[in-house]
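**Student:** Have a look at the structure that comes next, please.
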Amino acid sequence: DKATPLLEDAYRERPGLDNLGYYVGLGRYRQKEYKKAVEAFDEGYIPDSNLRQLGKFYRGLALGVLGLSTEGAAELADIQRTQTVDPFSQAAARIGQRLAATRAGEEAKRFRAQATFGAFYDDNVAINPNPNPTAVANFNDFNRTVFESLLARSTKSPGLMASIAADYSFYRKGAFEGTASYAFFQTLNLNDGLSRFNIQDHQIGLSGFYRNTVVNLPYQLALQYAYDYLFLGMDGFLARHSPTLSATVAEPTFTLPYVGTVGNLTTALLRYQTKSFFREPGDGDIRFGSEVRDAVNTMTGFLHVFRFSNDRHFLRFGYQYDNESAEGTAFSYRGNRLQTGGQVALPWQQLSLRYDFDVHFRSYKNSQTLFQDESGALTNRSDVEQNHLVQLIKPLTPNWTMTAQYQRVRNSSNIPVYDYTKNVVMLLMTWTY
């Protein structure tokens with residue numbers, strides 16, 4: 001670790017120095033800078049035959065890590081052809097065969113699936129507002145009646161949930177890949193009075209990917225389209241069309257004291273979404289036209305991930321800006337979302353602890369036409385929605401994982417009917433193919 005920076009300095013000044021390319025390549029390999037390691041092995045002059053063979057060995061391993069299994073296997077097989085008896089060449093041959101088999105398995109495995117089922121307890125299924133006696137005292141009769149009727153609803157329930165997600169790579173050629181996907185989600189509230197809030201969602205999608213490198217940086221471009229249809233109490237509630245364009249780049253790694261090598265991954269995205277709600281009051285009564293939620297939402301943002309210890313730990317942060325133009329004036333807003341979170345691998349029982357947090361600031365464009373603020377006035381709505389998600393993850397077998405999860409949603413609003421708190425605890429089992 002101490003030698004590598006000195007060797008790098010020497011390599012920048014005299015890259016053709018005998019055998020220096022090998023030592024620089026080895027240092028980069030140890031720091032998980034695999035692409036740069038391959039460059040050093042390729043560009044450096046290595047006259048020592050033993051170091052040249054070792055360089056080919058580590059070059060083959062680096063190519064395998066980069067996903068170039070065929071090239072890595074060929075490099076390791078070449079060692080066996082030139083040195084057929086020593087243990088080093090035999091080890092190279094074994095690893096080369098594994099890389100070749102891995103590549104064949106990856107090519108064959110075009111179908112992926114995941115199924116999750118579990119139980120939950122939700123303390124606000126119906127999204128009842130938080131009590132607010134001060135506001136109720138200032139409400140008109142209509143707002144007071146609506147607010148008190150919402151507070152009176154049953155809203156706590158244990159429940160069951162299940163989800164299935166699958167995708168199939170129907171096209172793979174060179175740097176291009178095309179996939180088709182389907183996802184299903186279902187909740188079942190065991191409180192009979194809340195069955196009308198059972199959620200069922202179906203989503204289908206098509207995605208196209210292009211993967212390559214630019215200035216030695218791996219990147220991916222993706223164009224994805226998703227359509228989902230959501231039922232509430234087995235009645236149609238919401239349909240969405242969501243095309244998304246994204247670009248992901250794996251930036252160079254860097255080293256921190258006491259931390260080690262840190263990887264970087266940045267994604268920029270642009271999404272266009274249309275929403276169609278069903279059974280809206282405004283569809284059949286002009287008095288509620290301002291409450292129609294059918295809308296077009298555009299969103300742009302980025303997400304950066306710091307990766308540690310070969311992805312055993314990670315830290316992420318991001319930002320999104322979205323603009324929603326709704327048919328009803330009450331639901332058009334401009335929003336800013338901040339995201340952060342991370343995951344650490346705990347030193348016991350292969351446990352991982354994950355925490356995600358996002359906060360969405362929504363500033364509504366128009367004054368409310370029906371629901372009053374705390375002072376009894378019809379003003380512009382302003383919301384701050386905070387989402388906390390904590391997960392404790394335990395792998396049981398290569399295909400089975402158990403997750404204990406807690407989620408808290410706190411939506412603070414100056415319009416009391418939209419001010420609410422929600423807590424959900426879950427225990428989930430996930431099977432992955």
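Each chain in the structure tokens gets a letter, A, B and so on, in the order shown; residues start at 1 in every chain, and ligands are counted from 1 in the order they appear.
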From the DSSP assignment of the backbone, select every residue of stretch 294-365 of chain A that is strand (DSSP E or B), and format the answer as number ranges by chain.
**Tutor:** A: 295-308, 313-326, 333-345, 352-365
**Student:** Would you please work out which residue, of A:Pro347, A:Pro395, A:Pro218, A:Gly236, is nearest to A:Ala250 when using only C-alpha atoms?
**Tutor:**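 The shortest atom-to-atom distance to A:Ala250 comes from A:Pro218.
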**Student:** Suppose you want the space between atom CA of A:Arg28 and atom CA of A:Gly44; what is it in Å?
**Tutor:**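 Spanning atom CA of A:Arg28 to atom CA of A:Gly44 is a straight-line distance of 13.3 Å.
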**Student:** If I take atom CA of A:Gly318 and atom CA of A:Gly208, how far is one from the other in Å, to one decimal?
**Tutor:**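 According to the coordinates, atom CA of A:Gly318 and atom CA of A:Gly208 are separated by 23.6 Å.
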**Student:** Show which residues sit within 9 Å of A:Asp358, as a PyMOL selection string. Count only C-alpha atoms, and ignore same-chain residues fewer than 4 positions away.
**Tutor:** chain A and resi 337-341+385-388
**Student:** Save the residues we just selected, N, CA and C atoms, as an mmCIF file, in the first residue's frame?
**Tutor:**
```
data_model
loop_
_atom_site.group_PDB
_atom_site.id
_atom_site.type_symbol
_atom_site.label_atom_id
_atom_site.label_comp_id
_atom_site.auth_asym_id
_atom_site.auth_seq_id
_atom_site.Cartn_x
_atom_site.Cartn_y
_atom_site.Cartn_z
ATOM 1 N N ARG A 337 -36.811 16.823 -4.234
ATOM 2 C CA ARG A 337 -36.638 15.633 -3.399
ATOM 3 C C ARG A 337 -35.151 15.411 -3.125
ATOM 4 N N LEU A 338 -34.807 15.250 -1.861
ATOM 5 C CA LEU A 338 -33.453 14.887 -1.452
ATOM 6 C C LEU A 338 -33.467 13.446 -0.983
ATOM 7 N N GLN A 339 -32.453 12.677 -1.405
ATOM 8 C CA GLN A 339 -32.367 11.261 -1.053
ATOM 9 C C GLN A 339 -31.000 10.954 -0.449
ATOM 10 N N THR A 340 -30.987 10.093 0.540
ATOM 11 C CA THR A 340 -29.731 9.616 1.098
ATOM 12 C C THR A 340 -29.971 8.244 1.717
ATOM 13 N N GLY A 341 -28.916 7.604 2.128
ATOM 14 C CA GLY A 341 -29.054 6.283 2.724
ATOM 15 C C GLY A 341 -27.774 5.498 2.565
ATOM 16 N N GLU A 385 -42.900 15.846 2.777
ATOM 17 C CA GLU A 385 -43.102 14.418 3.032
ATOM 18 C C GLU A 385 -41.762 13.742 3.313
ATOM 19 N N GLN A 386 -41.659 13.131 4.502
ATOM 20 C CA GLN A 386 -40.433 12.431 4.902
ATOM 21 C C GLN A 386 -40.702 10.931 4.931
ATOM 22 N N ASN A 387 -39.795 10.172 4.317
ATOM 23 C CA ASN A 387 -39.888 8.719 4.299
ATOM 24 C C ASN A 387 -38.627 8.116 4.912
ATOM 25 N N HIS A 388 -38.814 7.313 5.955
ATOM 26 C CA HIS A 388 -37.715 6.593 6.588
ATOM 27 C C HIS A 388 -37.935 5.093 6.348
#
```
**Student:** List the neighbours of A:Gly376 out to 8 Å using only C-alpha atoms; skip same-chain residues closer than 6 positions along the sequence, and give me the result as number ranges by chain.
**Tutor:** A: 135, 138-140
**Student:** Hey, what's within 10 Å of A:Gln114 if we count only C-alpha atoms and toss same-chain stuff fewer than 4 positions away? As a list in words, please?
**Tutor:** Ser163, Ile164, Ala165, Ala166, Asp167, Ala183, Asn399, Trp400, Thr430, Trp431, Thr432 and Tyr433 of chain A
**Student:** Tell me, as a PDB file with N, CA and C atoms, in the first residue's frame, which residues lie within 8 Å of stretch 326-330 of chain A, counting only C-alpha atoms; anything in the same chain fewer than 6 positions away does not count.
**Tutor:**
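Result written to out37.pdb:
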```
ATOM      1  N   GLY A 289     -64.349  19.606  -9.594  1.00  0.00           N
ATOM      2  CA  GLY A 289     -63.422  19.582 -10.728  1.00  0.00           C
ATOM      3  C   GLY A 289     -62.001  19.939 -10.347  1.00  0.00           C
ATOM      4  N   SER A 290     -61.828  20.796  -9.351  1.00  0.00           N
ATOM      5  CA  SER A 290     -60.474  21.199  -8.942  1.00  0.00           C
ATOM      6  C   SER A 290     -59.709  20.066  -8.265  1.00  0.00           C
ATOM      7  N   GLU A 291     -60.419  18.979  -7.873  1.00  0.00           N
ATOM      8  CA  GLU A 291     -59.779  17.875  -7.155  1.00  0.00           C
ATOM      9  C   GLU A 291     -59.387  16.721  -8.070  1.00  0.00           C
ATOM     10  N   VAL A 292     -59.572  16.845  -9.372  1.00  0.00           N
ATOM     11  CA  VAL A 292     -59.192  15.776 -10.298  1.00  0.00           C
ATOM     12  C   VAL A 292     -57.674  15.657 -10.325  1.00  0.00           C
ATOM     13  N   ARG A 293     -57.146  14.441 -10.107  1.00  0.00           N
ATOM     14  CA  ARG A 293     -55.705  14.241  -9.972  1.00  0.00           C
ATOM     15  C   ARG A 293     -55.028  13.771 -11.248  1.00  0.00           C
ATOM     16  N   ASP A 294     -55.760  13.538 -12.347  1.00  0.00           N
ATOM     17  CA  ASP A 294     -55.115  13.175 -13.612  1.00  0.00           C
ATOM     18  C   ASP A 294     -54.031  14.195 -13.917  1.00  0.00           C
ATOM     19  N   ALA A 295     -52.821  13.703 -14.275  1.00  0.00           N
ATOM     20  CA  ALA A 295     -51.705  14.642 -14.352  1.00  0.00           C
ATOM     21  C   ALA A 295     -50.605  14.128 -15.263  1.00  0.00           C
ATOM     22  N   VAL A 296     -49.729  15.054 -15.625  1.00  0.00           N
ATOM     23  CA  VAL A 296     -48.458  14.762 -16.288  1.00  0.00           C
ATOM     24  C   VAL A 296     -47.352  15.200 -15.337  1.00  0.00           C
ATOM     25  N   TYR A 364     -47.409  23.783  -4.016  1.00  0.00           N
ATOM     26  CA  TYR A 364     -48.545  23.722  -4.935  1.00  0.00           C
ATOM     27  C   TYR A 364     -48.779  25.080  -5.589  1.00  0.00           C
ATOM     28  N   LYS A 365     -49.132  25.024  -6.864  1.00  0.00           N
ATOM     29  CA  LYS A 365     -49.155  26.229  -7.691  1.00  0.00           C
ATOM     30  C   LYS A 365     -50.381  27.105  -7.467  1.00  0.00           C
ATOM     31  N   ASN A 366     -51.488  26.503  -7.018  1.00  0.00           N
ATOM     32  CA  ASN A 366     -52.760  27.235  -6.944  1.00  0.00           C
ATOM     33  C   ASN A 366     -53.360  27.140  -5.550  1.00  0.00           C
ATOM     34  N   SER A 367     -54.214  28.079  -5.240  1.00  0.00           N
ATOM     35  CA  SER A 367     -54.921  28.044  -3.957  1.00  0.00           C
ATOM     36  C   SER A 367     -55.896  26.870  -3.923  1.00  0.00           C
ATOM     37  N   GLN A 368     -56.095  26.313  -2.735  1.00  0.00           N
ATOM     38  CA  GLN A 368     -57.093  25.276  -2.555  1.00  0.00           C
ATOM     39  C   GLN A 368     -58.495  25.866  -2.782  1.00  0.00           C
ATOM     40  N   THR A 369     -59.381  25.053  -3.321  1.00  0.00           N
ATOM     41  CA  THR A 369     -60.741  25.524  -3.581  1.00  0.00           C
ATOM     42  C   THR A 369     -61.769  24.898  -2.631  1.00  0.00           C
TER      43      THR A 369
END
```
**Student:** Which is closest to A:Phe237 among A:Leu61, A:Ile199, A:Ala377, A:Val38, if we use only C-alpha atoms?
**Tutor:**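 The closest residue to A:Phe237 is A:Ile199.
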**Student:** Pick the closest to A:Thr248 from A:Tyr23, A:Phe231, A:Phe302, A:Phe288: which is it, counting only C-alpha atoms?
**Tutor:**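 Nearest candidate to A:Thr248 out of A:Tyr23, A:Phe231, A:Phe302, A:Phe288: A:Phe302.
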**Student:** Which value, in Å to one decimal, gives the distance between atom CA of A:Leu190 and atom CA of A:Leu353?
**Tutor:**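 Here the two named atoms are 29.1 Å from each other.
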**Student:** Apply DSSP to the structure's backbone, then extract all residues of stretch 268-423 of chain A labelled alpha helix (DSSP H) and return them as a list in words.
**Tutor:** Pro281, Gly282, Asp283 and Gly284 of chain A
**Student:** Which neighbours of A:Leu66 fall inside 10 Å, counting only C-alpha atoms, when residues of the same chain fewer than 3 positions from it are skipped, and could you give them as a list in words?
**Tutor:**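 With the cut-off at 10 Å, the set is Glu33, Tyr34, Lys35, Gly60, Leu61, Ala62, Leu63, Ser69, Gly72 and Pro218 of chain A.
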**Student:** For A:Asp235, which of A:Lys156, A:His202, A:Arg279, A:Arg381 is the closest residue, counting only C-alpha atoms?
**Tutor:**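 That would be A:Arg279, the residue with the smallest distance to A:Asp235.
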